[in-house]
$ cat my_file32.txt   # compact mmCIF, C-alpha atoms
# COMPACT_ATOMS: atom_id res chain seq x y z
CA MET A 1 -197.33 -24.01 -148.30
CA LYS A 2 -195.62 -22.23 -145.37
CA LYS A 3 -192.51 -21.65 -147.48
CA MET A 4 -194.64 -20.06 -150.23
CA LYS A 5 -196.37 -17.73 -147.73
CA LEU A 6 -193.02 -16.75 -146.24
CA LEU A 7 -191.58 -16.12 -149.70
CA ASN A 8 -194.55 -13.95 -150.66
CA ALA A 9 -194.34 -12.00 -147.39
CA THR A 10 -190.60 -11.48 -147.90
CA LYS A 11 -191.15 -10.22 -151.46
CA ALA A 12 -193.84 -7.81 -150.26
CA CYS A 13 -191.56 -6.50 -147.52
CA LEU A 14 -188.70 -6.00 -149.97
CA ARG A 15 -190.93 -4.04 -152.37
CA VAL A 16 -191.44 -1.49 -149.59
CA THR A 17 -188.04 -1.66 -147.90
CA ILE A 18 -185.71 -1.42 -150.90
CA PRO A 19 -187.00 1.99 -152.09
CA ILE A 20 -186.72 3.34 -148.54
CA ILE A 21 -183.15 2.06 -148.22
CA ALA A 22 -182.33 3.59 -151.60
CA LEU A 23 -183.73 6.92 -150.44
CA LEU A 24 -181.73 6.76 -147.22
CA ALA A 25 -178.57 6.17 -149.23
CA LEU A 26 -179.16 9.46 -151.05
CA LEU A 27 -179.47 11.48 -147.85
CA PRO A 28 -176.55 13.48 -146.49
CA ASN A 29 -174.53 11.75 -143.79
CA SER A 30 -175.18 14.35 -141.17
CA ALA A 31 -177.96 16.73 -140.26
CA LYS A 32 -177.58 20.42 -140.96
CA ALA A 33 -175.55 22.16 -138.29
CA ASP A 34 -178.38 24.60 -137.66
CA GLY A 35 -181.14 22.09 -136.95
CA PRO A 36 -182.94 18.88 -137.83
CA ASP A 37 -182.57 17.36 -141.31
CA GLY A 38 -185.93 17.60 -143.09
CA ALA A 39 -185.04 14.94 -145.67
CA LYS A 40 -184.29 12.39 -142.96
CA LEU A 41 -187.46 13.37 -141.09
CA TYR A 42 -189.50 12.90 -144.28
CA VAL A 43 -188.40 9.26 -144.14
CA SER A 44 -188.39 8.66 -140.38
CA ALA A 45 -191.75 10.37 -139.78
CA ASN A 46 -193.24 8.01 -142.40
CA CYS A 47 -194.20 10.75 -144.88
CA VAL A 48 -192.41 8.73 -147.55
CA ALA A 49 -194.61 5.68 -146.97
CA CYS A 50 -197.67 7.43 -148.38
CA HIS A 51 -196.38 10.38 -150.39
CA GLN A 52 -193.46 8.35 -151.86
CA ALA A 53 -189.81 9.34 -152.19
CA ASN A 54 -190.54 11.27 -155.37
CA GLY A 55 -193.58 13.06 -153.92
CA ALA A 56 -195.92 11.42 -156.44
CA GLY A 57 -198.23 9.92 -153.81
CA VAL A 58 -200.43 6.95 -154.71
CA PRO A 59 -203.30 7.78 -157.07
CA ALA A 60 -206.71 7.80 -155.35
CA THR A 61 -205.07 6.70 -152.09
CA TYR A 62 -202.53 9.36 -151.01
CA PRO A 63 -202.11 12.81 -152.56
CA ALA A 64 -199.06 13.86 -154.52
CA LEU A 65 -196.89 16.52 -152.99
CA MET A 66 -194.95 17.18 -156.20
CA GLY A 67 -196.61 20.01 -158.07
CA ASN A 68 -199.36 20.36 -155.46
CA PRO A 69 -200.28 24.07 -155.15
CA ILE A 70 -200.87 23.63 -151.41
CA VAL A 71 -197.21 22.66 -150.93
CA ALA A 72 -195.94 25.77 -152.73
CA GLY A 73 -198.67 28.07 -151.37
CA ASP A 74 -199.18 29.67 -147.96
CA PRO A 75 -196.81 27.86 -145.60
CA ASP A 76 -199.31 28.15 -142.74
CA THR A 77 -201.67 25.81 -144.62
CA ILE A 78 -199.18 22.94 -144.86
CA ILE A 79 -198.11 23.51 -141.25
CA LYS A 80 -201.76 23.19 -140.17
CA ILE A 81 -202.15 20.03 -142.27
CA VAL A 82 -199.17 18.48 -140.48
CA LEU A 83 -200.41 19.58 -137.06
CA ILE A 84 -204.11 18.69 -137.26
CA GLY A 85 -204.61 16.72 -140.47
CA PRO A 86 -205.96 17.78 -143.87
CA GLU A 87 -209.64 17.09 -143.20
CA LYS A 88 -209.69 19.93 -140.65
CA VAL A 89 -207.79 22.35 -142.89
CA LEU A 90 -208.78 21.87 -146.51
CA PRO A 91 -212.11 23.14 -147.86
CA PRO A 92 -215.00 20.66 -148.15
CA GLY A 93 -214.73 20.46 -151.97
CA SER A 94 -211.11 19.28 -151.89
CA PRO A 95 -210.25 15.97 -153.57
CA LYS A 96 -210.77 12.98 -151.28
CA PHE A 97 -208.31 10.11 -150.91
CA ALA A 98 -208.78 6.63 -149.50
CA GLY A 99 -205.88 7.09 -147.07
CA GLN A 100 -206.29 9.71 -144.36
CA MET A 101 -203.28 11.52 -142.95
CA PRO A 102 -203.41 11.66 -139.16
CA PRO A 103 -202.16 14.70 -137.27
CA ILE A 104 -198.44 14.43 -136.60
CA THR A 105 -197.89 14.47 -132.85
CA GLY A 106 -194.78 14.25 -130.72
CA MET A 107 -192.53 16.26 -133.05
CA SER A 108 -190.86 19.44 -131.91
CA ASP A 109 -191.60 22.70 -133.70
CA ALA A 110 -188.04 22.60 -135.09
CA LYS A 111 -188.60 19.14 -136.60
CA ILE A 112 -191.97 20.12 -138.07
CA ALA A 113 -190.35 23.22 -139.57
CA ALA A 114 -187.54 21.09 -141.03
CA VAL A 115 -189.82 18.53 -142.67
CA VAL A 116 -192.23 21.19 -143.98
CA SER A 117 -189.27 23.17 -145.36
CA TYR A 118 -187.92 20.05 -147.04
CA ILE A 119 -191.32 19.25 -148.60
CA ARG A 120 -191.77 22.84 -149.81
CA ASP A 121 -188.27 22.97 -151.28
CA LYS A 122 -188.21 19.50 -152.83
CA PHE A 123 -191.81 19.21 -154.05
CA GLY A 124 -193.00 22.83 -154.07
CA ASN A 125 -190.65 24.16 -156.73
CA GLY A 126 -188.23 25.65 -154.21
CA ALA A 127 -190.89 27.32 -152.05
CA SER A 128 -189.63 29.22 -149.02
CA ALA A 129 -188.51 27.50 -145.85
CA VAL A 130 -190.36 27.85 -142.56
CA ASP A 131 -188.84 28.13 -139.12
CA GLU A 132 -189.88 26.83 -135.73
CA ASP A 133 -191.21 30.28 -134.72
CA GLU A 134 -193.70 30.12 -137.60
CA VAL A 135 -194.75 26.61 -136.54
CA ALA A 136 -195.22 27.81 -132.95
CA LYS A 137 -197.29 30.79 -134.17
CA VAL A 138 -199.57 28.54 -136.26
CA LYS A 139 -199.89 26.04 -133.40
CA ALA A 140 -200.82 28.82 -130.95
CA ALA A 141 -203.55 30.09 -133.31
CA LEU A 142 -205.23 26.67 -133.65
CA PRO A 143 -208.58 26.25 -131.91
CA LYS A 144 -208.21 24.53 -128.57

$ encode --input "my_file32.txt" --output "structure tokens"
Amino acid sequence: MKKMKLLNATKACLRVTIPIIALLALLPNSAKADGPDGAKLYVSANCVACHQANGAGVPATYPALMGNPIVAGDPDTIIKIVLIGPEKVLPPGSPKFAGQMPPITGMSDAKIAAVVSYIRDKFGNGASAVDEDEVAKVKAALPK
């Protein structure tokens, strides 16, 4: 019985780990010379765990980033979502998901800018990048 539980736990772990390892293999070997690597941060900040490597999300649980108008829209909106969570940013009539994204804390403005820029480029049809000054401006305008 213990061997069966261990085998099932190992299989479950591999179902999550293998896609992450595959994604890491596709990433460039070094970060951009001018700042943090948004693709690597998308993985290391655990965005990929919910939104998936392809940005498809998990239906009814985590929203898709791919093709999401919020991702390609006003960059300040996605910056706010990262900083304080979607429930404080999106209008009350927005679709609800079982999984709730917590505010991302402990990341520098440069790292937030890099991951937001990666998400906007990769999943927002090449939407414009953001820089750390824009993140700092949005952060400063948030209610205290």

$ atom_distance --input "my_file32.txt" --atom1 "CA of Ala129 (chain A)" --atom2 "CA of Lys96 (chain A)"
27.1 Å

$ residues_around --input "my_file32.txt" --residues "Ala56 (chain A)" --least-positions-apart "4" --cutoff "9 Å" --atoms "only C-alpha atoms" --output "PyMOL selection string"
chain A and resi 51-52+62-67

$ residues_around --input "my_file32.txt" --residues "Ser128 (chain A)" --least-positions-apart "4" --cutoff "9 Å" --atoms "all atoms listed in the file" --output "list in words"
Ala72, Pro75, Ser117, Arg120, Asp121 and Gly124 of chain A

$ residues_around --input "my_file32.txt" --residues "Tyr42 (chain A)" --least-positions-apart "3" --cutoff "10 Å" --atoms "all atoms listed in the file" --output "list of chain:residue names"
A:Asp37, A:Gly38, A:Ala39, A:Ala45, A:Asn46, A:Cys47, A:Val48, A:Ala49, A:His51, A:Gln52, A:Ala53, A:Lys111, A:Ile112, A:Ala114, A:Val115, A:Val116, A:Tyr118, A:Ile119

$ residues_around --input "my_file32.txt" --residues "Lys88 (chain A)" --least-positions-apart "3" --cutoff "12 Å" --atoms "all atoms listed in the file" --output "ChimeraX atom specification"
/A:77-78,80-85,91-92,94,100-103,142-143
